[in-house]
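File shown: upload-v9.cif. Contents: mmCIF, C-alpha atoms.
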data_data
#
loop_
_atom_site.label_atom_id
_atom_site.label_comp_id
_atom_site.auth_asym_id
_atom_site.auth_seq_id
_atom_site.Cartn_x
_atom_site.Cartn_y
_atom_site.Cartn_z
CA MET A 907 4.66 10.78 5.08
CA ARG A 908 7.20 10.23 2.39
CA LEU A 909 4.92 7.51 1.07
CA LEU A 910 2.07 9.97 0.86
CA HIS A 911 4.31 12.38 -1.01
CA GLU A 912 5.16 9.66 -3.45
CA LEU A 913 1.46 9.04 -3.99
CA GLY A 914 1.06 12.66 -5.07
CA TYR A 915 -0.27 14.36 -1.95
CA THR A 916 1.22 17.80 -1.86
CA ASN A 917 0.29 19.31 1.45
CA VAL A 918 1.24 16.73 4.04
CA ARG A 919 2.37 17.65 7.52
CA HIS A 920 3.33 15.57 10.43
CA TYR A 921 2.46 15.52 14.12
CA ARG A 922 5.72 14.28 15.51
CA GLY A 923 4.59 13.53 19.03
CA GLY A 924 2.01 11.11 17.72
CA LEU A 925 -0.75 9.49 19.69
CA ALA A 926 1.45 8.98 22.75
CA ASP A 927 2.18 12.69 23.08
CA TRP A 928 -1.47 13.53 22.50
CA LYS A 929 -2.65 11.13 25.19
CA ASP A 930 0.07 12.06 27.65
CA SER A 931 -0.84 15.71 27.51
CA GLY A 932 -4.37 14.84 28.56
CA ASN A 933 -6.17 15.62 25.34
CA PRO A 934 -9.44 13.92 24.44
CA ILE A 935 -9.34 10.64 22.58
CA GLU A 936 -12.08 9.41 20.37
CA SER A 937 -12.51 5.68 20.61
CA ALA A 938 -14.77 2.65 20.57
CA VAL A 939 -15.59 3.21 16.95
CA PRO A 940 -15.99 -0.36 15.81
CA VAL A 941 -14.10 -1.20 12.67
CA GLY A 942 -17.31 -2.05 10.87
CA ALA A 943 -18.89 1.31 11.58
CA GLN A 944 -15.86 3.10 10.29
CA ALA A 945 -17.31 3.48 6.85
CA ALA A 946 -20.55 4.95 8.14
CA GLN A 947 -19.29 7.04 11.03
CA PRO A 948 -16.69 9.33 9.45
CA ALA A 949 -19.12 10.41 6.76
CA GLU A 950 -18.70 13.98 7.85
CA PRO A 951 -14.88 14.11 7.89
CA ARG A 952 -14.76 12.17 4.66
CA ALA A 953 -17.14 14.63 3.05
CA ARG A 954 -14.88 17.49 3.93
CA ALA A 955 -11.91 15.63 2.55
CA SER A 956 -13.67 15.20 -0.74
CA ALA A 957 -14.78 18.80 -1.06
CA TYR A 958 -12.69 18.94 -4.17
CA VAL A 959 -12.07 15.83 -6.24
CA ALA A 960 -9.55 15.99 -9.02
CA PRO A 961 -11.18 15.01 -12.33
CA GLU A 962 -8.78 12.20 -13.09
CA PHE A 963 -9.91 10.38 -9.93
CA ARG A 964 -13.57 10.75 -10.83
CA ALA A 965 -13.18 9.39 -14.35
CA ASN A 966 -11.44 6.27 -13.09
CA ARG A 967 -13.86 5.53 -10.34
CA PHE A 968 -16.48 3.71 -12.42
CA GLU A 969 -13.87 1.72 -14.25
CA ASN A 970 -12.15 0.81 -11.00
CA ALA A 971 -15.41 -0.25 -9.40
CA LEU A 972 -16.24 -2.50 -12.35
CA LEU A 973 -12.78 -4.03 -12.52
CA GLY A 974 -12.76 -4.47 -8.76
CA LEU A 975 -16.07 -6.30 -8.91
CA ILE A 976 -14.81 -8.65 -11.60
CA GLU A 977 -11.61 -9.20 -9.65
CA ARG A 978 -13.41 -10.04 -6.45
CA CYS A 979 -15.80 -12.55 -8.04
CA SER A 980 -14.48 -16.03 -8.62
CA THR A 981 -14.79 -17.77 -11.96
CA SER A 982 -17.64 -19.93 -10.73
CA GLU A 983 -19.50 -16.91 -9.37
CA LEU A 984 -19.17 -15.17 -12.69
CA SER A 985 -20.39 -18.30 -14.48
CA LEU A 986 -23.42 -18.35 -12.19
CA VAL A 987 -24.12 -14.71 -13.03
CA TRP A 988 -23.88 -15.55 -16.71
CA LEU A 989 -26.30 -18.45 -16.35
CA ALA A 990 -28.65 -16.34 -14.25
CA ILE A 991 -28.78 -13.65 -16.93
CA ILE A 992 -29.76 -16.22 -19.56
CA LEU A 993 -32.29 -18.11 -17.47
CA LEU A 994 -33.92 -14.94 -16.16
CA SER A 995 -34.30 -13.48 -19.62
CA GLY A 996 -35.70 -16.81 -20.86
CA ALA A 997 -38.17 -16.77 -18.00
CA VAL A 998 -39.24 -13.22 -18.86
CA TYR A 999 -40.00 -14.18 -22.49
CA TRP A 1000 -41.98 -17.16 -21.27
CA ILE A 1001 -43.91 -15.22 -18.64
CA ALA A 1002 -44.94 -12.73 -21.33
CA ALA A 1003 -46.36 -15.63 -23.35
CA LEU A 1004 -48.02 -17.00 -20.20
CA ALA A 1005 -49.70 -13.63 -19.68
CA GLY A 1006 -51.15 -13.88 -23.15
CA ARG A 1007 -48.77 -11.46 -24.87
CA PRO A 1008 -46.26 -13.66 -26.65
CA VAL A 1009 -43.07 -11.87 -27.68
CA LEU A 1010 -41.34 -14.76 -29.45
CA LEU A 1011 -42.22 -16.09 -32.90
CA GLU A 1012 -41.12 -19.48 -34.16
CA HIS A 1013 -41.54 -19.69 -37.95
CA GLY A 1014 -44.12 -16.95 -37.75
CA VAL A 1015 -46.11 -18.67 -35.00
CA ALA A 1016 -46.25 -17.23 -31.50
CA VAL A 1017 -44.50 -19.35 -28.86
CA ALA A 1018 -47.07 -20.44 -26.30
CA GLY A 1019 -46.88 -20.26 -22.53
CA SER A 1020 -46.68 -24.06 -22.26
CA LEU A 1021 -43.79 -26.14 -20.95
CA ASN A 1022 -42.66 -26.52 -24.53
CA GLY A 1023 -42.79 -22.75 -24.82
CA LEU A 1024 -40.51 -22.44 -21.77
CA ALA A 1025 -37.96 -24.72 -23.45
CA THR A 1026 -38.11 -22.60 -26.59
CA ALA A 1027 -37.75 -19.40 -24.61
CA VAL A 1028 -34.67 -20.68 -22.76
CA TYR A 1029 -33.27 -22.01 -26.03
CA PHE A 1030 -33.78 -18.59 -27.65
CA SER A 1031 -32.14 -16.97 -24.64
CA PHE A 1032 -29.03 -19.14 -24.99
CA VAL A 1033 -28.83 -18.58 -28.72
CA THR A 1034 -29.04 -14.83 -28.13
CA ALA A 1035 -26.64 -14.67 -25.17
CA THR A 1036 -23.92 -16.63 -26.92
CA SER A 1037 -24.40 -14.38 -29.98
CA VAL A 1038 -25.08 -17.44 -32.15
CA GLY A 1039 -28.42 -16.11 -33.35
CA TYR A 1040 -29.75 -18.94 -35.56
CA GLY A 1041 -32.83 -16.91 -36.30
CA ASP A 1042 -35.34 -19.73 -36.00
CA VAL A 1043 -36.99 -17.96 -33.08
CA LEU A 1044 -37.49 -14.22 -33.35
CA PRO A 1045 -38.25 -11.61 -30.71
CA VAL A 1046 -40.89 -8.98 -31.40
CA GLY A 1047 -41.79 -5.74 -29.68
CA TRP A 1048 -40.03 -4.92 -26.42
CA ALA A 1049 -38.39 -8.36 -26.40
CA ARG A 1050 -36.04 -7.04 -29.08
CA GLY A 1051 -34.64 -4.51 -26.66
CA LEU A 1052 -34.37 -7.08 -23.92
CA SER A 1053 -32.58 -9.59 -26.16
CA VAL A 1054 -30.07 -6.98 -27.31
CA ALA A 1055 -29.38 -5.99 -23.69
CA GLU A 1056 -29.10 -9.65 -22.75
CA ALA A 1057 -26.62 -10.31 -25.56
CA VAL A 1058 -24.44 -7.36 -24.60
CA THR A 1059 -24.30 -8.05 -20.87
CA SER A 1060 -23.86 -11.79 -21.16
CA LEU A 1061 -21.04 -11.33 -23.66
CA MET A 1062 -19.33 -8.95 -21.23
CA VAL A 1063 -19.64 -11.41 -18.37
CA PHE A 1064 -18.47 -14.24 -20.63
CA GLY A 1065 -15.44 -12.19 -21.63
CA ALA A 1066 -14.63 -11.63 -17.96
CA ILE A 1067 -14.80 -15.38 -17.32
CA ILE A 1068 -12.42 -16.12 -20.22
CA ALA A 1069 -10.09 -13.36 -19.07
CA LYS A 1070 -9.99 -14.85 -15.60
CA PHE A 1071 -9.05 -18.26 -16.94
CA VAL A 1072 -6.29 -16.80 -19.05
CA SER A 1073 -4.89 -14.58 -16.33
CA ARG A 1074 -4.80 -17.29 -13.70
CA ARG A 1075 -1.87 -19.08 -15.30
CA GLN A 1076 -0.15 -15.78 -15.87
CA GLU A 1077 -0.61 -14.79 -12.26
CA GLN A 1078 0.99 -18.03 -11.13
CA LEU A 1079 4.00 -17.33 -13.29
CA VAL A 1080 4.28 -13.74 -12.16
CA SER A 1081 4.01 -14.68 -8.49
CA GLU A 1082 6.70 -17.31 -8.99
CA ILE A 1083 8.95 -14.68 -10.55
CA HIS A 1084 8.20 -12.32 -7.67
CA ARG A 1085 9.05 -15.01 -5.16
CA VAL A 1086 12.38 -15.78 -6.78
CA THR A 1087 13.40 -12.14 -7.10
CA PHE A 1088 12.33 -11.51 -3.53
CA GLU A 1089 14.51 -14.35 -2.26
CA GLU A 1090 17.39 -13.09 -4.33
CA ARG A 1091 16.97 -9.60 -3.02
CA LEU A 1092 17.06 -10.84 0.55
CA ASP A 1093 20.22 -12.78 -0.24
CA ARG A 1094 21.76 -9.68 -1.72
CA VAL A 1095 20.84 -7.57 1.29
CA GLN A 1096 22.36 -10.09 3.65
CA THR A 1097 25.59 -10.43 1.69
CA ASN A 1098 25.97 -6.71 1.16
CA LEU A 1099 25.44 -5.99 4.84
CA HIS A 1100 28.19 -8.46 5.66
CA MET A 1101 30.47 -6.79 3.18
CA VAL A 1102 29.66 -3.34 4.49
CA LEU A 1103 30.44 -4.48 8.00
CA SER A 1104 33.82 -5.97 7.11
CA GLU A 1105 34.64 -2.93 5.01
CA LEU A 1106 33.79 -0.66 7.93
CA HIS A 1107 36.04 -2.71 10.19
CA ALA A 1108 38.84 -2.43 7.65
CA ILE A 1109 38.35 1.33 7.44
CA THR A 1110 38.44 1.62 11.23
CA ALA A 1111 41.71 -0.30 11.31
CA MET A 1112 43.09 1.89 8.54
CA CYS A 1113 41.98 5.02 10.31
CA GLU A 1114 43.37 3.90 13.68
CA SER A 1115 46.78 3.15 12.22
CA ARG A 1116 47.00 6.85 11.18
CA SER A 1117 49.41 5.91 8.45
CA VAL A 1118 47.01 6.01 5.52
CA PRO A 1119 46.15 9.31 3.83
CA TYR A 1120 42.70 10.50 4.84
CA LYS A 1121 41.68 10.88 1.25
CA ARG A 1122 41.73 7.14 0.81
CA VAL A 1123 39.87 6.59 4.06
CA ALA A 1124 37.25 9.08 2.91
CA SER A 1125 36.67 7.49 -0.47
CA ARG A 1126 36.38 4.00 0.95
CA LEU A 1127 34.05 5.20 3.67
CA GLU A 1128 31.94 7.01 1.09
CA SER A 1129 31.37 3.95 -1.05
CA ALA A 1130 30.73 1.71 1.95
CA VAL A 1131 28.15 4.10 3.34
CA ARG A 1132 26.52 4.36 -0.03
CA VAL A 1133 26.07 0.61 -0.35
CA PHE A 1134 24.81 0.57 3.21
CA ALA A 1135 22.25 3.30 2.48
CA GLY A 1136 20.95 1.33 -0.51
CA GLU A 1137 20.45 -1.83 1.50
CA LEU A 1138 18.95 0.09 4.38
CA LYS A 1139 16.40 1.55 1.98
CA THR A 1140 15.54 -1.96 0.81
CA VAL A 1141 14.99 -3.16 4.36
CA HIS A 1142 12.98 -0.04 5.17
CA ASP A 1143 10.72 -0.66 2.18
CA LEU A 1144 10.43 -4.28 3.15
CA LEU A 1145 9.14 -3.29 6.59
CA TYR A 1146 6.90 -0.46 5.45
CA ARG A 1147 5.54 -1.83 2.20
CA PRO A 1148 5.74 -5.58 2.51
CA GLU A 1149 4.88 -7.35 -0.73
CA ARG A 1150 5.83 -10.59 0.89
CA GLU A 1151 6.93 -11.62 4.32
CA PRO A 1152 10.42 -12.97 4.80
CA ASP A 1153 10.66 -15.77 7.32
CA GLU A 1154 11.58 -14.76 10.83
CA PRO A 1155 15.15 -16.08 11.13
CA ARG A 1156 16.02 -14.42 7.88
CA LEU A 1157 14.56 -11.06 8.80
CA ARG A 1158 16.31 -11.34 12.12
CA ALA A 1159 19.65 -11.99 10.44
CA ILE A 1160 19.12 -8.93 8.24
CA LEU A 1161 18.18 -6.74 11.21
CA VAL A 1162 21.21 -7.96 13.15
CA GLY A 1163 23.36 -7.18 10.12
CA LEU A 1164 21.90 -3.67 9.96
CA ALA A 1165 22.51 -3.06 13.64
CA SER A 1166 26.09 -4.25 13.51
CA ALA A 1167 26.77 -2.19 10.41
CA LEU A 1168 25.44 0.86 12.23
CA GLU A 1169 27.75 0.08 15.13
CA GLY A 1170 30.64 -0.27 12.72
CA LEU A 1171 29.75 3.06 11.21
CA GLN A 1172 29.79 4.67 14.62
CA GLU A 1173 33.21 3.24 15.31
CA VAL A 1174 34.59 4.67 12.08
CA LEU A 1175 33.06 8.08 12.70
CA SER A 1176 34.37 8.26 16.25
CA CYS A 1177 37.83 7.38 15.04
CA LEU A 1178 37.92 10.13 12.43
CA PRO A 1179 40.15 13.02 13.56
CA GLU A 1180 38.94 16.58 14.06
CA GLU A 1181 40.50 17.89 10.88
CA PHE A 1182 38.74 15.30 8.77
CA SER A 1183 36.28 17.16 6.57
CA VAL A 1184 33.14 15.25 5.65
CA SER A 1185 32.38 15.69 1.97
CA PRO A 1186 28.87 16.87 1.04
CA ILE A 1187 28.11 13.53 -0.59
CA LEU A 1188 29.13 11.58 2.47
CA SER A 1189 27.22 13.80 4.85
CA GLY A 1190 24.14 13.60 2.62
CA THR A 1191 24.29 9.82 2.57
CA LEU A 1192 24.84 9.70 6.32
CA LYS A 1193 21.78 11.88 6.84
CA ARG A 1194 19.73 9.56 4.73
CA VAL A 1195 21.00 6.55 6.64
CA SER A 1196 20.17 8.09 9.97
CA ALA A 1197 16.71 9.23 8.87
CA LEU A 1198 15.81 5.83 7.41
CA ALA A 1199 17.18 3.88 10.35
CA GLN A 1200 15.31 6.05 12.81
CA GLU A 1201 12.08 4.97 11.20
CA ILE A 1202 12.81 1.36 12.06
CA CYS A 1203 11.46 0.43 15.45
CA GLY A 1204 9.01 -2.11 16.78
CA GLU A 1205 6.26 0.43 17.30
CA CYS A 1206 6.64 2.52 14.18
CA VAL A 1207 6.58 -0.20 11.55
CA PRO A 1208 3.05 -0.87 10.36
CA ARG A 1209 2.98 -4.55 11.19
CA ASN A 1210 3.42 -6.44 14.40
CA TYR A 1211 6.47 -8.63 14.53
CA ALA A 1212 7.74 -11.15 17.01
CA PRO A 1213 9.59 -9.70 20.04
CA ALA A 1214 12.82 -11.28 18.80
CA LEU A 1215 12.57 -8.98 15.79
CA THR A 1216 11.25 -5.81 17.42
CA VAL A 1217 14.15 -5.87 19.89
CA TRP A 1218 16.51 -5.49 16.98
CA MET A 1219 14.35 -2.86 15.30
CA ASP A 1220 14.41 -0.77 18.49
CA ARG A 1221 18.17 -1.28 18.68
CA ILE A 1222 18.53 0.02 15.13
CA GLN A 1223 16.50 3.10 15.97
CA ALA A 1224 18.54 3.76 19.11
CA LEU A 1225 21.79 3.41 17.18
CA ALA A 1226 20.54 5.75 14.48
CA ARG A 1227 19.67 8.35 17.09
CA GLU A 1228 23.13 8.09 18.57
CA LEU A 1229 24.52 8.49 15.09
CA SER A 1230 22.66 11.73 14.54
CA MET B 1150 28.04 15.28 13.13
CA ALA B 1151 25.59 17.56 14.94
CA GLU B 1152 23.88 18.61 11.76
CA LEU B 1153 22.73 15.05 11.26
CA SER B 1154 19.93 15.55 13.75
CA ALA B 1155 18.27 17.79 11.20
CA ALA B 1156 17.90 14.79 8.94
CA ALA B 1157 15.03 13.42 10.97
CA ASN B 1158 12.91 16.45 10.11
CA GLU B 1159 12.41 15.98 6.45
CA PRO B 1160 12.45 19.38 4.84
CA ASP B 1161 9.41 18.78 2.67
CA SER B 1162 7.08 17.62 5.41
CA PRO B 1163 6.84 20.29 8.04
CA GLU B 1164 5.82 19.45 11.54
CA VAL B 1165 2.72 20.49 13.39
CA SER B 1166 2.93 21.21 17.07
CA ARG B 1167 0.47 19.90 19.60
CA ASP B 1168 -0.81 23.40 20.31
CA GLU B 1169 -1.52 24.06 16.67
CA LEU B 1170 -3.29 20.75 16.41
CA ILE B 1171 -5.50 21.58 19.39
CA ARG B 1172 -6.32 24.93 17.87
CA ARG B 1173 -7.29 23.47 14.53
CA LEU B 1174 -9.14 20.40 15.76
CA GLY B 1175 -12.54 21.44 14.45
CA ASP B 1176 -11.17 22.96 11.26
CA PRO B 1177 -12.82 21.28 8.29
CA SER B 1178 -9.94 22.08 5.93
CA LEU B 1179 -7.47 19.96 7.89
CA VAL B 1180 -7.65 16.22 7.35
CA ILE B 1181 -6.12 14.25 10.20
CA VAL B 1182 -4.88 10.78 9.28
CA ASP B 1183 -4.08 7.97 11.71
CA VAL B 1184 -1.58 5.61 10.07
CA LEU B 1185 -1.59 3.14 12.96
CA PRO B 1186 -3.11 -0.33 12.59
CA ARG B 1187 -6.88 -0.67 12.63
CA ASP B 1188 -7.17 -2.04 16.17
CA SER B 1189 -5.14 0.82 17.53
CA TYR B 1190 -7.45 3.26 15.73
CA ALA B 1191 -10.46 1.53 17.24
CA ALA B 1192 -8.92 1.72 20.71
CA GLY B 1193 -8.35 5.45 20.48
CA HIS B 1194 -7.47 8.20 18.06
CA ILE B 1195 -7.31 11.96 17.85
CA PRO B 1196 -10.91 13.21 17.46
CA GLY B 1197 -11.96 13.43 13.82
CA ALA B 1198 -8.99 11.45 12.52
CA LEU B 1199 -9.42 9.09 9.59
CA SER B 1200 -7.92 5.61 9.69
CA LEU B 1201 -5.39 4.76 7.00
CA PRO B 1202 -3.06 2.03 8.26
CA LEU B 1203 0.42 2.27 6.78
CA ALA B 1204 0.20 -1.27 5.48
CA GLU B 1205 -2.81 -0.31 3.36
CA LEU B 1206 -1.53 3.08 2.35
CA ASN B 1207 -0.94 2.27 -1.27
CA GLU B 1208 -4.29 0.66 -1.89
CA ARG B 1209 -6.55 2.80 0.22
CA ALA B 1210 -5.03 6.27 0.05
CA ARG B 1211 -7.18 7.37 -2.89
CA GLU B 1212 -10.30 6.13 -1.21
CA VAL B 1213 -9.71 7.78 2.15
CA LEU B 1214 -8.01 10.91 0.79
CA PRO B 1215 -9.51 11.68 -2.59
CA ASN B 1216 -8.11 15.18 -2.73
CA PRO B 1217 -4.35 15.32 -3.30
CA GLN B 1218 -4.22 19.03 -2.50
CA ALA B 1219 -5.98 18.76 0.85
CA GLU B 1220 -4.06 19.79 3.90
CA ILE B 1221 -3.20 16.50 5.51
CA LEU B 1222 -1.77 15.81 8.93
CA VAL B 1223 -0.40 12.37 9.68
CA TYR B 1224 0.50 10.89 13.01
CA CYS B 1225 1.89 7.62 14.27
CA ALA B 1226 2.29 6.03 17.69
CA LYS B 1227 5.13 8.30 18.70
CA PHE B 1228 8.22 9.78 17.15
CA THR B 1229 8.61 8.71 13.58
#
Would you mind writing the file out in C-alpha cells?
Amino acid sequence: MRLLHELGYTNVRHYRGGLADWKDSGNPIESAVPVGAQAAQPAEPRARASAYVAPEFRANRFENALLGLIERCSTSELSLVWLAIILLSGAVYWIAALAGRPVLLEHGVAVAGSLNGLATAVYFSFVTATSVGYGDVLPVGWARGLSVAEAVTSLMVFGAIIAKFVSRRQEQLVSEIHRVTFEERLDRVQTNLHMVLSELHAITAMCESRSVPYKRVASRLESAVRVFAGELKTVHDLLYRPEREPDEPRLRAILVGLASALEGLQEVLSCLPEEFSVSPILSGTLKRVSALAQEICGECVPRNYAPALTVWMDRIQALARELS
Amino acid sequence: MAELSAAANEPDSPEVSRDELIRRLGDPSLVIVDVLPRDSYAAGHIPGALSLPLAELNERAREVLPNPQAEILVYCAKFT
C-alpha cells in the first residue's frame, strides 16, 4: 500500500482481512484462471481501470515499447534482424527486375533479373543500409522510397546493436558495484543490530538500577530506537523489494538480530516507570518500528522463504504486535 | 503504549470493511488488486480482482493500473 503511494497512486485503500477473511466468511472466490489467460480474461476490469489515462503515461508508452523490444532482443537477434532487412530489400529490388520492371540502374543500364543482377541488388542494399552510398548503382521510381526507408531502419537497428555492445560492459560494472554495496549494507545491518541490542541491554540495566536520571535513559533509548528503525526499514525493503537475494544463513542472522532487538526493546519499555513520559519523537519512532515489524511475517512477504526463515519472520510480527 | 496500536492503521490508507467490499463488488469505479503471488491468485481471488504480485509491483504497476487517480483496493493473504 505504501509502495503504491510511493508510485503515485492517490486513492488507495486496504482490505485488512485479506483473502483469508474473505474466504472464511463464505464469500465467493474466483479461481482457476490460468496464468496464461490472465492477460485475455480481465479485459473488462482492465478496461474500467484505464477509463482515464494520464497523458504522461500515454506519451511514454510507444517509447517504452520500443526500448523494451530492443532490451529483450539479444545482440545476435538484432544482428539477424539487420541482415534480414538488407537481404529482403535486396530481394525486392531483384524481384522487380525479374518481373520486367527494373528499379536499379548501374551506369545508366538497368540491372537485369539474372543471378548477376541478384548480386548487384544485394550489393546495392548493403551499400544503402550501411549509409555508404557509393552511387555506382542507383534506384529509380518507388525503389528510392524503399531504399531511404531501408537506410533509416537498418541504421536504427545497427545503432541498437552498437549500444548493446557498449552497455554490456557497463552493466557488468554496475552489477558488480551493486553486489559490493549490497554486501556492505548487509554487514552494516548485522553490526548495527548487534549494537542496538547491546545498547538496549545497557539501557535496561541503567533503568533497573534506578540511580540514573531518566533524562539520560530517555536520550539513549531515543537514539538506539532510531538506529533500530533505520535498520528495520532496510530489512523491510529487502524483503518487500528484493534487488538481490541474501544467502539464507545471513538473512537468518539478520532476522534473529531483529527479533532479539525487539525483545530487548520490550524489556526496556516494561522497565520504564509510570512517570516516565515518552517524548513525541520517541513515540513516533516506536510507532514506525511496530508498523514496519508487523509487516514482516512468512505469509505477508511477497516471496516464499525457507521455513527456518519464516519462523523468525512470524516471531518478529508477533513481537511487534506485543509491542503495540 | 496503547496508542501504538494505531500505528498499524496507516493514516493515509484507509481501510475497507468486508461489508463495504461486498456491496461494491460489481462497481466499475473500484479496482481491486490482489498483491499475492501469481499461483495464489490462480488458486483463488476476490471476484474481479487484478493480479499484481508485490514482487512485481514496481515494474508492473503502470501496466495493470494505468490510472493513478483510480480508486484502488489492495488485499493480501491476511492482516498486513
- Message: Just want the 7 Å neighbourhood of segment 997-1010 of chain A, counted on all atoms listed in the file, with same-chain residues fewer than 2 positions away dropped. Output as a PyMOL selection string.
- Response: chain A and resi 993-995+1012+1016-1019+1023-1024+1027+1043-1047+1049
- Task: May I ask which of the residues B:Asp1176, B:Glu1220, B:Glu1169, B:Asp1183 is the closest one to chain A, counting only C-alpha atoms?
- Result: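 Ranked by minimum distance to chain A, first place goes to B:Glu1220.
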- Please, what distance in Å, to one decimal, runs between atom CA of Leu1052 of chain A and atom CA of Ala1069 of chain A? 25.5 Å
Given the file shown, enumerate the residues that the PyMOL selection byres ((chain B and resi 1189) around 12) captures and present them as a PDB file with C-alpha atoms, keeping the file's coordinate frame.
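Once everything was written out, this is expr_17.pdb:
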ATOM      1  CA  LEU A 925      -0.750   9.490  19.690  1.00  0.00           C
ATOM      2  CA  ALA A 926       1.450   8.980  22.750  1.00  0.00           C
ATOM      3  CA  ILE A 935      -9.340  10.640  22.580  1.00  0.00           C
ATOM      4  CA  GLU A 936     -12.080   9.410  20.370  1.00  0.00           C
ATOM      5  CA  SER A 937     -12.510   5.680  20.610  1.00  0.00           C
ATOM      6  CA  ALA A 938     -14.770   2.650  20.570  1.00  0.00           C
ATOM      7  CA  VAL A 939     -15.590   3.210  16.950  1.00  0.00           C
ATOM      8  CA  PRO A 940     -15.990  -0.360  15.810  1.00  0.00           C
ATOM      9  CA  VAL A 941     -14.100  -1.200  12.670  1.00  0.00           C
ATOM     10  CA  GLU A1205       6.260   0.430  17.300  1.00  0.00           C
ATOM     11  CA  PRO A1208       3.050  -0.870  10.360  1.00  0.00           C
ATOM     12  CA  ARG A1209       2.980  -4.550  11.190  1.00  0.00           C
ATOM     13  CA  ASN A1210       3.420  -6.440  14.400  1.00  0.00           C
TER      14      ASN A1210
ATOM     15  CA  ASP B1183      -4.080   7.970  11.710  1.00  0.00           C
ATOM     16  CA  VAL B1184      -1.580   5.610  10.070  1.00  0.00           C
ATOM     17  CA  LEU B1185      -1.590   3.140  12.960  1.00  0.00           C
ATOM     18  CA  PRO B1186      -3.110  -0.330  12.590  1.00  0.00           C
ATOM     19  CA  ARG B1187      -6.880  -0.670  12.630  1.00  0.00           C
ATOM     20  CA  ASP B1188      -7.170  -2.040  16.170  1.00  0.00           C
ATOM     21  CA  TYR B1190      -7.450   3.260  15.730  1.00  0.00           C
ATOM     22  CA  ALA B1191     -10.460   1.530  17.240  1.00  0.00           C
ATOM     23  CA  ALA B1192      -8.920   1.720  20.710  1.00  0.00           C
ATOM     24  CA  GLY B1193      -8.350   5.450  20.480  1.00  0.00           C
ATOM     25  CA  HIS B1194      -7.470   8.200  18.060  1.00  0.00           C
ATOM     26  CA  ILE B1195      -7.310  11.960  17.850  1.00  0.00           C
ATOM     27  CA  SER B1200      -7.920   5.610   9.690  1.00  0.00           C
ATOM     28  CA  LEU B1201      -5.390   4.760   7.000  1.00  0.00           C
ATOM     29  CA  PRO B1202      -3.060   2.030   8.260  1.00  0.00           C
ATOM     30  CA  CYS B1225       1.890   7.620  14.270  1.00  0.00           C
ATOM     31  CA  ALA B1226       2.290   6.030  17.690  1.00  0.00           C
TER      32      ALA B1226
END
- Item | Contact residues around Leu1198 of chain A with only C-alpha atoms at 8 Å, ignoring same-chain residues under 2 positions, as a PyMOL selection string | chain A and resi 1138-1139+1142+1194-1196+1200-1202
Selection result for the PyMOL selection byres ((chain A and resi 1191) around 12) on this file, as an mmCIF file with C-alpha atoms, keeping the file's coordinate frame:
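Final output, saved to expr_23.cif:
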data_model
loop_
_atom_site.group_PDB
_atom_site.id
_atom_site.type_symbol
_atom_site.label_atom_id
_atom_site.label_comp_id
_atom_site.auth_asym_id
_atom_site.auth_seq_id
_atom_site.Cartn_x
_atom_site.Cartn_y
_atom_site.Cartn_z
ATOM 1 C CA LEU A 1127 34.050 5.200 3.670
ATOM 2 C CA GLU A 1128 31.940 7.010 1.090
ATOM 3 C CA SER A 1129 31.370 3.950 -1.050
ATOM 4 C CA ALA A 1130 30.730 1.710 1.950
ATOM 5 C CA VAL A 1131 28.150 4.100 3.340
ATOM 6 C CA ARG A 1132 26.520 4.360 -0.030
ATOM 7 C CA VAL A 1133 26.070 0.610 -0.350
ATOM 8 C CA PHE A 1134 24.810 0.570 3.210
ATOM 9 C CA ALA A 1135 22.250 3.300 2.480
ATOM 10 C CA GLY A 1136 20.950 1.330 -0.510
ATOM 11 C CA LEU A 1138 18.950 0.090 4.380
ATOM 12 C CA LYS A 1139 16.400 1.550 1.980
ATOM 13 C CA VAL A 1184 33.140 15.250 5.650
ATOM 14 C CA SER A 1185 32.380 15.690 1.970
ATOM 15 C CA PRO A 1186 28.870 16.870 1.040
ATOM 16 C CA ILE A 1187 28.110 13.530 -0.590
ATOM 17 C CA LEU A 1188 29.130 11.580 2.470
ATOM 18 C CA SER A 1189 27.220 13.800 4.850
ATOM 19 C CA GLY A 1190 24.140 13.600 2.620
ATOM 20 C CA LEU A 1192 24.840 9.700 6.320
ATOM 21 C CA LYS A 1193 21.780 11.880 6.840
ATOM 22 C CA ARG A 1194 19.730 9.560 4.730
ATOM 23 C CA VAL A 1195 21.000 6.550 6.640
ATOM 24 C CA SER A 1196 20.170 8.090 9.970
ATOM 25 C CA ALA A 1197 16.710 9.230 8.870
ATOM 26 C CA LEU A 1198 15.810 5.830 7.410
ATOM 27 C CA LEU B 1153 22.730 15.050 11.260
ATOM 28 C CA ALA B 1156 17.900 14.790 8.940
#
- Item | Interatomic distance (Å, one decimal) between atom CA of Leu975 of chain A and atom CA of Asn1216 of chain B | 23.7 Å
